[in-house]
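Q: My structure is stored as structure-v6.txt, with compact mmCIF, C-alpha atoms.
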```txt
# COMPACT_ATOMS: atom_id res chain seq x y z
CA MET A 387 -11.81 43.99 -7.03
CA ASN A 388 -15.27 42.40 -6.82
CA TYR A 389 -18.00 42.66 -9.41
CA PRO A 390 -21.73 42.79 -8.69
CA ASN A 391 -22.20 39.31 -10.15
CA GLY A 392 -19.72 37.96 -7.58
CA LYS A 393 -17.06 37.00 -10.13
CA ARG A 394 -13.50 38.07 -9.63
CA ASN A 395 -11.84 40.47 -11.99
CA ASN A 396 -11.03 37.93 -14.68
CA THR A 397 -10.13 40.35 -17.44
CA TYR A 398 -7.42 41.83 -15.29
CA ASN A 399 -6.15 38.40 -14.34
CA LYS A 400 -6.10 37.20 -17.91
CA ALA A 401 -4.10 40.17 -19.12
CA ASN A 402 -1.51 39.57 -16.45
CA ASN A 403 -1.35 35.87 -17.02
CA LYS A 404 -0.89 36.02 -20.77
CA ILE A 405 2.61 34.62 -20.54
CA SER A 406 4.11 32.11 -22.92
CA HIS A 407 5.26 28.66 -21.82
CA GLY A 408 8.86 29.88 -21.87
CA ASN A 409 8.14 32.68 -19.41
CA ARG A 410 6.11 30.59 -17.03
CA GLY A 411 7.43 31.10 -13.53
CA GLN A 412 8.95 34.47 -14.32
CA THR A 413 6.64 36.42 -12.04
CA LEU A 414 7.20 34.11 -9.09
CA GLU A 415 10.93 34.09 -9.82
CA LYS A 416 11.02 37.88 -9.78
CA SER A 417 9.15 37.97 -6.46
CA ILE A 418 11.55 35.48 -4.92
CA ASP A 419 14.56 37.42 -6.21
CA LEU A 420 13.24 40.58 -4.56
CA THR A 421 12.50 38.65 -1.37
CA ASN A 422 16.01 37.19 -1.27
CA ARG A 423 17.51 40.64 -1.84
CA TYR A 424 15.44 41.92 1.08
CA TYR A 425 16.65 39.07 3.32
CA ILE A 426 20.28 39.81 2.38
CA ASN A 427 19.95 43.57 2.83
CA GLU A 428 18.30 43.10 6.22
CA ASN A 429 20.92 40.47 7.12
CA ILE A 430 18.20 37.89 7.79
CA ALA A 431 19.29 35.08 5.45
CA ILE A 432 21.81 34.58 2.63
CA ILE A 433 19.92 32.83 -0.14
CA HIS A 434 20.64 33.09 -3.88
CA LYS A 435 19.21 31.75 -7.09
CA LYS A 436 21.70 29.54 -8.89
CA PRO A 437 22.61 30.48 -12.45
CA THR A 438 20.83 28.56 -15.21
CA PRO A 439 23.00 25.59 -16.21
CA ILE A 440 24.33 26.02 -19.73
CA GLN A 441 26.35 23.78 -22.02
CA ILE A 442 28.78 26.07 -23.82
CA VAL A 443 29.81 24.85 -27.29
CA ASP A 444 31.48 27.82 -28.96
CA VAL A 445 33.11 30.97 -27.59
CA HIS A 446 34.59 33.83 -29.66
CA TYR A 447 37.13 36.34 -28.41
CA PRO A 448 36.58 39.57 -30.40
CA SER A 449 38.91 41.30 -27.92
CA ARG A 450 41.11 40.16 -25.04
CA ASP A 451 38.59 41.05 -22.35
CA LYS A 452 35.26 40.27 -23.97
CA ALA A 453 34.46 36.63 -24.56
CA THR A 454 31.26 36.12 -26.56
CA ILE A 455 29.41 32.83 -26.31
CA LYS A 456 28.21 32.03 -29.84
CA GLU A 457 26.62 28.63 -29.28
CA ALA A 458 25.24 27.16 -26.08
CA TYR A 459 22.34 25.04 -24.89
CA PHE A 460 20.22 24.85 -21.78
CA LYS A 461 21.03 21.84 -19.62
CA VAL A 462 18.62 19.88 -17.45
CA PRO A 463 19.24 21.14 -13.89
CA SER A 464 20.72 18.56 -11.50
CA THR A 465 19.87 20.53 -8.39
CA THR A 466 17.23 23.04 -7.31
CA ASP A 467 17.19 26.74 -8.20
CA TYR A 468 17.69 28.20 -4.73
CA ASN A 469 19.90 27.51 -1.75
CA GLY A 470 21.63 29.29 1.07
CA ILE A 471 21.90 29.73 4.81
CA TYR A 472 19.48 30.89 7.50
CA LYS A 473 20.38 30.86 11.21
CA GLY A 474 23.21 28.45 10.48
CA LYS A 475 20.88 26.04 8.69
CA TYR A 476 21.14 24.91 5.09
CA ILE A 477 18.13 26.01 3.01
CA ASP A 478 17.24 24.42 -0.34
CA PHE A 479 14.13 24.91 -2.43
CA GLU A 480 12.54 24.88 -5.84
CA ALA A 481 9.88 27.32 -7.05
CA LYS A 482 7.15 26.56 -9.59
CA GLU A 483 4.06 28.25 -10.97
CA THR A 484 1.08 26.45 -12.40
CA ARG A 485 -2.03 27.64 -14.22
CA ASN A 486 -3.75 24.40 -13.29
CA LYS A 487 -6.67 25.05 -10.92
CA THR A 488 -7.17 21.63 -9.40
CA SER A 489 -3.69 20.19 -9.00
CA PHE A 490 0.05 20.74 -9.21
CA PRO A 491 1.31 18.54 -12.07
CA PHE A 492 4.75 16.93 -11.75
CA ILE A 493 5.54 17.58 -15.40
CA ASN A 494 7.87 20.51 -14.69
CA ILE A 495 9.85 18.78 -11.95
CA HIS A 496 12.94 16.79 -12.95
CA PRO A 497 13.66 13.53 -11.10
CA HIS A 498 17.25 14.80 -10.58
CA GLN A 499 15.91 17.75 -8.66
CA VAL A 500 13.77 15.58 -6.40
CA ASN A 501 16.74 13.32 -5.79
CA HIS A 502 18.82 16.35 -4.82
CA MET A 503 16.09 17.61 -2.46
CA LYS A 504 15.85 14.16 -0.88
CA GLN A 505 19.61 14.08 -0.26
CA CYS A 506 19.60 17.54 1.33
CA TYR A 507 16.56 16.61 3.43
CA GLU A 508 18.28 13.48 4.69
CA HIS A 509 21.34 15.54 5.61
CA ASP A 510 19.12 17.75 7.82
CA GLY A 511 18.64 20.66 5.45
CA ILE A 512 15.43 22.70 5.40
CA VAL A 513 14.00 21.61 2.06
CA PHE A 514 10.73 22.67 0.45
CA LEU A 515 8.97 23.90 -2.69
CA ILE A 516 7.26 27.21 -3.27
CA ILE A 517 4.27 26.59 -5.52
CA LYS A 518 2.14 29.34 -6.96
CA PHE A 519 -1.34 28.60 -8.24
CA THR A 520 -1.57 31.51 -10.63
CA LEU A 521 -5.33 31.36 -11.19
CA HIS A 522 -6.06 31.14 -7.46
CA ASP A 523 -3.40 33.78 -6.82
CA GLU A 524 -2.07 31.71 -3.90
CA ILE A 525 1.49 30.78 -3.02
CA PHE A 526 2.09 27.73 -0.85
CA PHE A 527 5.03 26.48 1.17
CA ILE A 528 5.30 22.75 0.44
CA PRO A 529 7.54 20.90 2.92
CA PHE A 530 9.65 18.27 1.17
CA ASP A 531 8.20 15.32 3.10
CA PHE A 532 4.66 16.29 2.03
CA PHE A 533 5.79 16.61 -1.60
CA ASN A 534 7.75 13.38 -1.44
CA ASN A 535 4.75 11.27 -0.42
CA TYR A 536 3.00 12.20 -3.66
CA TRP A 537 6.19 11.96 -5.74
CA THR A 538 6.98 8.45 -4.44
CA ASN A 539 3.46 7.36 -5.24
CA TYR A 540 3.85 8.86 -8.75
CA MET A 541 7.17 7.02 -9.25
CA ASN A 542 5.32 3.81 -8.38
CA GLY A 543 2.79 4.39 -11.14
CA GLY A 544 0.41 6.57 -9.14
CA ARG A 545 -1.14 9.98 -9.69
CA LYS A 546 0.96 12.48 -11.74
CA SER A 547 0.06 15.49 -9.60
CA ILE A 548 -0.76 16.78 -6.13
CA PRO A 549 -4.43 17.80 -5.68
CA TYR A 550 -4.87 21.51 -4.97
CA LYS A 551 -7.32 20.61 -2.18
CA GLU A 552 -4.69 18.59 -0.33
CA ILE A 553 -2.16 21.40 -0.63
CA LYS A 554 -4.73 23.91 0.59
CA LEU A 555 -5.55 21.66 3.53
CA HIS A 556 -2.04 20.75 4.67
CA CYS A 557 0.47 23.35 3.44
CA PRO A 558 0.89 26.90 4.78
CA LEU A 559 0.06 29.85 2.55
CA ILE A 560 3.00 32.23 2.17
CA LYS A 561 2.10 35.78 3.12
CA GLU A 562 2.63 38.33 0.37
CA SER A 563 3.45 41.95 1.01
CA ILE A 564 5.42 44.83 -0.49
CA ASN A 565 8.63 43.93 1.29
CA PRO A 566 9.43 41.12 1.60
CA ARG A 567 7.33 40.06 -1.38
CA ILE A 568 6.96 36.41 -0.34
CA ASN A 569 7.87 35.90 3.29
CA TYR A 570 8.85 32.24 3.23
CA ILE A 571 11.29 32.69 6.14
CA GLN A 572 8.30 33.47 8.37
CA VAL A 573 6.85 30.06 7.47
CA ILE A 574 10.22 28.41 8.22
CA ASN A 575 10.25 30.10 11.64
CA GLU A 576 6.81 28.68 12.39
CA ILE A 577 7.38 25.16 11.10
CA TYR A 578 10.85 24.68 12.54
CA SER A 579 10.34 26.88 15.64
CA LEU A 580 13.38 29.02 14.78
CA MET B 934 60.29 11.10 -9.42
CA ASN B 935 63.71 12.25 -8.25
CA TYR B 936 66.73 12.79 -10.44
CA PRO B 937 70.38 12.20 -9.48
CA ASN B 938 71.04 15.95 -9.49
CA GLY B 939 68.40 16.41 -6.83
CA LYS B 940 66.04 18.40 -9.05
CA ARG B 941 62.43 17.42 -9.35
CA ASN B 942 61.01 16.19 -12.59
CA ASN B 943 60.64 19.63 -14.14
CA THR B 944 60.03 18.54 -17.72
CA TYR B 945 57.07 16.49 -16.61
CA ASN B 946 55.74 19.34 -14.50
CA LYS B 947 56.13 21.85 -17.28
CA ALA B 948 54.26 19.69 -19.75
CA ASN B 949 51.37 19.34 -17.36
CA ASN B 950 51.28 22.96 -16.38
CA LYS B 951 51.27 24.33 -19.90
CA ILE B 952 47.74 25.61 -19.55
CA SER B 953 46.44 28.86 -20.97
CA HIS B 954 45.06 31.65 -18.80
CA GLY B 955 41.52 30.62 -19.76
CA ASN B 956 42.03 27.08 -18.50
CA ARG B 957 43.72 28.01 -15.24
CA GLY B 958 41.97 26.24 -12.40
CA GLN B 959 40.63 23.47 -14.60
CA THR B 960 42.74 20.76 -13.00
CA LEU B 961 41.75 21.76 -9.47
CA GLU B 962 38.14 22.15 -10.59
CA LYS B 963 38.12 18.66 -12.07
CA SER B 964 39.59 17.22 -8.85
CA ILE B 965 36.97 18.97 -6.74
CA ASP B 966 34.19 17.77 -9.05
CA LEU B 967 35.38 14.18 -8.63
CA THR B 968 35.67 14.67 -4.87
CA ASN B 969 32.15 16.06 -4.62
CA ARG B 970 30.82 13.18 -6.69
CA TYR B 971 32.54 10.77 -4.28
CA TYR B 972 31.00 12.53 -1.26
CA ILE B 973 27.53 12.32 -2.85
CA ASN B 974 27.89 8.69 -3.90
CA GLU B 975 29.11 7.73 -0.42
CA ASN B 976 26.34 9.86 1.12
CA ILE B 977 28.90 11.90 3.08
CA ALA B 978 28.02 15.42 1.93
CA ILE B 979 25.86 17.07 -0.75
CA ILE B 980 28.03 19.73 -2.34
CA HIS B 981 27.76 20.98 -5.93
CA LYS B 982 29.52 23.45 -8.16
CA LYS B 983 27.21 26.24 -9.22
CA PRO B 984 26.76 26.81 -12.94
CA THR B 985 28.81 29.63 -14.49
CA PRO B 986 26.70 32.79 -14.47
CA ILE B 987 25.82 33.84 -18.02
CA GLN B 988 24.01 36.86 -19.42
CA ILE B 989 21.88 35.53 -22.27
CA VAL B 990 21.23 38.06 -25.04
CA ASP B 991 19.84 36.06 -27.96
CA VAL B 992 18.14 32.66 -28.16
CA HIS B 993 16.98 30.90 -31.35
CA TYR B 994 14.36 28.16 -31.50
CA PRO B 995 15.16 25.98 -34.52
CA SER B 996 12.60 23.50 -33.20
CA ARG B 997 10.08 23.47 -30.37
CA ASP B 998 12.31 21.51 -28.00
CA LYS B 999 15.77 22.76 -28.82
CA ALA B 1000 16.56 26.30 -27.81
CA THR B 1001 19.97 27.49 -29.05
CA ILE B 1002 21.70 30.34 -27.30
CA LYS B 1003 23.30 32.46 -30.05
CA GLU B 1004 24.70 35.33 -27.99
CA ALA B 1005 25.67 35.36 -24.33
CA TYR B 1006 28.37 36.75 -22.06
CA PHE B 1007 30.11 35.64 -18.90
CA LYS B 1008 28.95 37.56 -15.85
CA VAL B 1009 31.03 38.44 -12.79
CA PRO B 1010 30.03 35.88 -10.15
CA SER B 1011 28.21 37.34 -7.13
CA THR B 1012 28.74 34.27 -4.97
CA THR B 1013 31.30 31.47 -4.67
CA ASP B 1014 31.53 28.44 -6.94
CA TYR B 1015 30.67 25.72 -4.43
CA ASN B 1016 28.11 25.25 -1.70
CA GLY B 1017 26.07 22.54 -0.05
CA ILE B 1018 25.40 20.65 3.15
CA TYR B 1019 27.49 18.46 5.44
CA LYS B 1020 26.16 17.03 8.72
CA GLY B 1021 23.37 19.59 8.66
CA LYS B 1022 25.83 22.47 8.27
CA TYR B 1023 25.98 24.93 5.41
CA ILE B 1024 29.25 24.69 3.44
CA ASP B 1025 30.49 27.45 1.14
CA PHE B 1026 33.84 27.74 -0.60
CA GLU B 1027 35.83 29.08 -3.51
CA ALA B 1028 38.68 27.24 -5.26
CA LYS B 1029 41.67 28.87 -6.92
CA GLU B 1030 44.94 27.78 -8.48
CA THR B 1031 48.02 29.93 -8.71
CA ARG B 1032 51.35 29.46 -10.44
CA ASN B 1033 52.88 32.03 -8.11
CA LYS B 1034 55.51 30.42 -5.88
CA THR B 1035 55.74 32.95 -3.06
CA SER B 1036 52.20 34.20 -2.55
CA PHE B 1037 48.53 33.87 -3.40
CA PRO B 1038 47.57 37.07 -5.29
CA PHE B 1039 44.07 38.49 -4.76
CA ILE B 1040 43.76 39.34 -8.46
CA ASN B 1041 41.42 36.44 -9.25
CA ILE B 1042 39.09 37.01 -6.32
CA HIS B 1043 36.09 39.32 -6.81
CA PRO B 1044 35.07 41.59 -3.91
CA HIS B 1045 31.48 40.32 -4.39
CA GLN B 1046 32.66 36.81 -3.64
CA VAL B 1047 34.44 37.86 -0.46
CA ASN B 1048 31.37 39.77 0.62
CA HIS B 1049 29.27 36.65 0.06
CA MET B 1050 31.72 34.51 2.03
CA LYS B 1051 31.69 37.03 4.87
CA GLN B 1052 27.88 36.96 5.00
CA CYS B 1053 27.78 33.16 5.08
CA TYR B 1054 30.53 33.10 7.73
CA GLU B 1055 28.58 35.52 9.92
CA HIS B 1056 25.49 33.33 9.55
CA ASP B 1057 27.48 30.38 10.96
CA GLY B 1058 28.31 28.64 7.72
CA ILE B 1059 31.54 26.68 7.25
CA VAL B 1060 33.36 28.98 4.81
CA PHE B 1061 36.80 28.56 3.31
CA LEU B 1062 38.96 28.63 0.19
CA ILE B 1063 40.80 25.78 -1.45
CA ILE B 1064 44.03 27.15 -2.89
CA LYS B 1065 46.38 25.15 -5.05
CA PHE B 1066 49.97 26.25 -5.50
CA THR B 1067 50.56 24.51 -8.80
CA LEU B 1068 54.36 24.78 -8.79
CA HIS B 1069 54.61 23.50 -5.21
CA ASP B 1070 51.96 20.90 -6.00
CA GLU B 1071 50.25 21.66 -2.69
CA ILE B 1072 46.59 22.25 -1.94
CA PHE B 1073 45.66 24.21 1.17
CA PHE B 1074 42.48 24.63 3.16
CA ILE B 1075 42.20 28.35 3.94
CA PRO B 1076 39.64 29.11 6.65
CA PHE B 1077 37.70 32.27 5.84
CA ASP B 1078 38.84 34.19 8.94
CA PHE B 1079 42.50 33.63 8.01
CA PHE B 1080 41.83 34.81 4.45
CA ASN B 1081 39.77 37.76 5.63
CA ASN B 1082 42.57 39.22 7.76
CA TYR B 1083 44.73 39.60 4.67
CA TRP B 1084 41.82 40.71 2.49
CA THR B 1085 40.77 43.44 4.95
CA ASN B 1086 44.34 44.68 5.09
CA TYR B 1087 44.40 44.69 1.25
CA MET B 1088 41.13 46.66 1.13
CA ASN B 1089 42.77 49.22 3.43
CA GLY B 1090 45.61 49.71 0.98
CA GLY B 1091 47.81 46.86 2.22
CA ARG B 1092 49.51 43.90 0.57
CA LYS B 1093 47.75 42.48 -2.54
CA SER B 1094 48.44 38.85 -1.69
CA ILE B 1095 48.86 36.28 1.07
CA PRO B 1096 52.46 35.06 1.52
CA TYR B 1097 52.91 31.37 0.74
CA LYS B 1098 54.98 31.02 3.93
CA GLU B 1099 52.10 32.21 6.09
CA ILE B 1100 49.69 29.82 4.41
CA LYS B 1101 52.16 26.96 4.82
CA LEU B 1102 52.58 27.85 8.49
CA HIS B 1103 48.91 28.31 9.46
CA CYS B 1104 46.65 26.47 7.02
CA PRO B 1105 46.16 22.70 6.77
CA LEU B 1106 47.31 20.86 3.68
CA ILE B 1107 44.50 18.89 2.04
CA LYS B 1108 45.37 15.26 1.59
CA GLU B 1109 45.25 14.01 -1.99
CA SER B 1110 44.44 10.44 -2.93
CA ILE B 1111 42.74 8.46 -5.67
CA ASN B 1112 39.33 8.64 -4.08
CA PRO B 1113 38.42 11.14 -2.78
CA ARG B 1114 40.85 13.24 -4.81
CA ILE B 1115 40.99 16.16 -2.38
CA ASN B 1116 39.65 15.23 1.02
CA TYR B 1117 38.59 18.62 2.29
CA ILE B 1118 35.83 17.13 4.47
CA GLN B 1119 38.54 15.45 6.54
CA VAL B 1120 39.99 18.90 7.26
CA ILE B 1121 36.53 20.20 8.19
CA ASN B 1122 36.14 17.29 10.62
CA GLU B 1123 39.42 18.21 12.30
CA ILE B 1124 38.92 21.98 12.45
CA TYR B 1125 35.28 21.93 13.52
CA SER B 1126 35.48 18.66 15.52
CA LEU B 1127 32.61 17.12 13.53
```
Could you write out this structure as structure tokens?
A:
Amino acid sequence: MNYPNGKRNNTYNKANNKISHGNRGQTLEKSIDLTNRYYINENIAIIHKKPTPIQIVDVHYPSRDKATIKEAYFKVPSTTDYNGIYKGKYIDFEAKETRNKTSFPFINIHPHQVNHMKQCYEHDGIVFLIIKFTLHDEIFFIPFDFFNNYWTNYMNGGRKSIPYKEIKLHCPLIKESINPRINYIQVINEIYSL
Amino acid sequence: MNYPNGKRNNTYNKANNKISHGNRGQTLEKSIDLTNRYYINENIAIIHKKPTPIQIVDVHYPSRDKATIKEAYFKVPSTTDYNGIYKGKYIDFEAKETRNKTSFPFINIHPHQVNHMKQCYEHDGIVFLIIKFTLHDEIFFIPFDFFNNYWTNYMNGGRKSIPYKEIKLHCPLIKESINPRINYIQVINEIYSL
């Protein structure tokens, strides 16, 4: 919706973006879940989100069948959130949302995850990130090699983020629709000529 | 160790196999974890165990950084436990131990898991099961198509298990050693000529 003064509908955006730190990424995650379900139902690709890694400390057994976890902690993930198969190829990706307007900060990416992506990339997997700039309402497909140039520089003491402008210039936008929500397979088809 | 009466060292075996229902599979799981770590360290294959799927009901935040899960339940897995990449190919498998001597019963396999394996198989993944017959001390590589013949028959009201004899006759034994513990990649190389 456009307003006479040329500004975008900020009130609407703000209401939708009022999500706590803990929920950050939930919207994108939900969209990707729906997309993956669509791909499976249409027999296009078999890609799943991995369960959240948990360290279980205490389990009770109130009945034979029903184990109740009474104490557990979130673990730092050692791999990415999503992987699977498309046209015989191994697919591996991580998805992140940011409310930053000018760059994607590395703060939410764990070095273990980047290491995992690098390994999969070197073993000829299709590896990438899906990054949503919430305030621009844009979702980008970030090929791993593009990401890794900035990450390597960061590891060597360089910049702690990837400029939005560079992403906008070099990385494909992912088309959003009703179904599939976020058609990242279409981008894979184009980049890898599948 | 062999005894004069020709029997195997049963006391030793019994002591080692005295594992509760809840722990069943732990020994095989541990061996596969060590094997996967070896494959990663040697840069042979990138294969990980997925985290156990958990339904989280209640989380406390005693401090900003330390979330404590206070109530959660185990969910029925919708995929297999292991997947990853080897020589550019998608790998997907499930691992099970049984103390049954004459057959592998389907009781511990969820239909969702078989459905997932079937999908990955049809999308040209390398899909299989690793089955350990604890009392025979043998670990077999069960290609998905072999498994699926028996499963399909079971789904149509047939036999609820795969006979040990048939497995022994048609499926490769996985070689055990110190490192890698369970060399299932070697079997993949032979079957798929990689």
Q: Which residues of chain B have any atom within 10 Å of an atom in chain A when counting all atoms listed in the file, and what is the closest pair of atoms for each, with the distance in Å to one decimal? Order the rows by chain and rising number and write it as a Markdown table.
A:
```
| residue | atom | partner | partner_atom | distance |
| --- | --- | --- | --- | --- |
| B:Ile973 | CA | A:Gln505 | CA | 8.5 |
| B:Asn976 | CA | A:Gln505 | CA | 8.1 |
| B:Ile977 | CA | A:His509 | CA | 8.8 |
| B:Ala978 | CA | A:His509 | CA | 7.6 |
| B:Ile979 | CA | A:Cys506 | CA | 6.6 |
| B:Ile980 | CA | A:Cys506 | CA | 9.5 |
| B:His981 | CA | A:Thr465 | CA | 8.3 |
| B:Lys982 | CA | A:Lys436 | CA | 9.9 |
| B:Lys983 | CA | A:Lys436 | CA | 6.4 |
| B:Pro984 | CA | A:Pro439 | CA | 5.1 |
| B:Thr985 | CA | A:Pro437 | CA | 6.6 |
| B:Pro986 | CA | A:Pro437 | CA | 5.1 |
| B:Ile987 | CA | A:Pro437 | CA | 7.3 |
| B:Gln988 | CA | A:Pro437 | CA | 9.6 |
| B:Ile989 | CA | A:Ile455 | CA | 9.0 |
| B:Val990 | CA | A:Ile455 | CA | 9.8 |
| B:Asp991 | CA | A:Lys456 | CA | 9.5 |
| B:Val992 | CA | A:Ala458 | CA | 9.2 |
| B:Lys999 | CA | A:Tyr459 | CA | 8.0 |
| B:Ala1000 | CA | A:Tyr459 | CA | 6.6 |
| B:Thr1001 | CA | A:Tyr459 | CA | 5.4 |
| B:Ile1002 | CA | A:Ala458 | CA | 4.9 |
| B:Lys1003 | CA | A:Lys456 | CA | 4.9 |
| B:Glu1004 | CA | A:Lys456 | CA | 5.2 |
| B:Ala1005 | CA | A:Ile455 | CA | 4.9 |
| B:Tyr1006 | CA | A:Thr454 | CA | 5.4 |
| B:Phe1007 | CA | A:Ala453 | CA | 7.2 |
| B:Pro1010 | CA | A:Pro437 | CA | 9.5 |
| B:Ser1011 | CA | A:His434 | CA | 9.3 |
| B:Thr1012 | CA | A:His434 | CA | 8.3 |
| B:Asn1016 | CA | A:Gly470 | CA | 8.1 |
| B:Gly1017 | CA | A:Tyr476 | CA | 7.5 |
| B:Ile1018 | CA | A:Tyr476 | CA | 6.3 |
| B:Tyr1019 | CA | A:His509 | CA | 6.8 |
| B:Lys1020 | CA | A:His509 | CA | 5.9 |
| B:Gly1021 | CA | A:Asp510 | CA | 4.7 |
| B:Lys1022 | CA | A:Lys475 | CA | 6.1 |
| B:Tyr1023 | CA | A:Tyr476 | CA | 4.9 |
| B:Ile1024 | CA | A:Tyr476 | CA | 8.3 |
| B:Asp1025 | CA | A:Gly470 | CA | 9.0 |
| B:His1049 | CA | A:Ile432 | CA | 8.2 |
| B:Met1050 | CA | A:Ile432 | CA | 9.9 |
| B:Gln1052 | CA | A:Ile432 | CA | 6.9 |
| B:Cys1053 | CA | A:Ile432 | CA | 6.6 |
| B:Tyr1054 | CA | A:Gly474 | CA | 9.1 |
| B:Glu1055 | CA | A:Gly474 | CA | 8.9 |
| B:His1056 | CA | A:Gly474 | CA | 5.5 |
| B:Asp1057 | CA | A:Gly474 | CA | 4.7 |
| B:Gly1058 | CA | A:Gly474 | CA | 5.8 |
| B:Ile1059 | CA | A:Gly474 | CA | 9.1 |
```
Q: Neighbours of range 1072-1083 of chain B within 8 Å (all atoms listed in the file; same-chain residues fewer than 6 positions away dropped), as number ranges by chain?
A: B: 1050-1051, 1054, 1060-1066, 1092, 1094-1095, 1100-1101, 1104-1108, 1117, 1120
Q: Calculate how many Å separate CA of Gln572 in chain A from CA of Ser489 in chain A, rounding to one decimal.
A: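 About the pair CA of Gln572 in chain A and CA of Ser489 in chain A: they are 24.9 Å apart.
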Q: At what distance in Å, to one decimal, does CA of Glu415 in chain A lie from CA of Thr466 in chain A?
A: 13.0 Å
Q: Which distance in Å separates CA of Tyr1097 in chain B and CA of Lys1034 in chain B, to one decimal?
A: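 We find that CA of Tyr1097 in chain B and CA of Lys1034 in chain B lie 7.2 Å from each other.
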Q: Output as lines of an AutoDock Vina configuration file the centre and edge lengths (Å, one decimal) of the box along x, y and z of the file that holds every listed atom of range 970-979 of chain B after adding 4 Å on each side.
A:
```
center_x = 29.2
center_y = 12.4
center_z = -1.8
size_x = 14.7
size_y = 17.3
size_z = 17.8
```
Q: Counting all atoms listed in the file, which residues have an atom no more than 12 Å from (42.2, 38.7, -7.2) in the file's coordinates? Please list them as number ranges by chain.
A: B: 1029-1031, 1036-1047, 1084, 1087-1088, 1092-1095
Q: I need the chosen residues saved as a short mmCIF file (atom, residue, chain, number, x, y, z; two decimals), in the frame of the given file, with C-alpha atoms.
A:
```
data_model
loop_
_atom_site.label_atom_id
_atom_site.label_comp_id
_atom_site.auth_asym_id
_atom_site.auth_seq_id
_atom_site.Cartn_x
_atom_site.Cartn_y
_atom_site.Cartn_z
CA LYS B 1029 41.67 28.87 -6.92
CA GLU B 1030 44.94 27.78 -8.48
CA THR B 1031 48.02 29.93 -8.71
CA SER B 1036 52.20 34.20 -2.55
CA PHE B 1037 48.53 33.87 -3.40
CA PRO B 1038 47.57 37.07 -5.29
CA PHE B 1039 44.07 38.49 -4.76
CA ILE B 1040 43.76 39.34 -8.46
CA ASN B 1041 41.42 36.44 -9.25
CA ILE B 1042 39.09 37.01 -6.32
CA HIS B 1043 36.09 39.32 -6.81
CA PRO B 1044 35.07 41.59 -3.91
CA HIS B 1045 31.48 40.32 -4.39
CA GLN B 1046 32.66 36.81 -3.64
CA VAL B 1047 34.44 37.86 -0.46
CA TRP B 1084 41.82 40.71 2.49
CA TYR B 1087 44.40 44.69 1.25
CA MET B 1088 41.13 46.66 1.13
CA ARG B 1092 49.51 43.90 0.57
CA LYS B 1093 47.75 42.48 -2.54
CA SER B 1094 48.44 38.85 -1.69
CA ILE B 1095 48.86 36.28 1.07
#
```
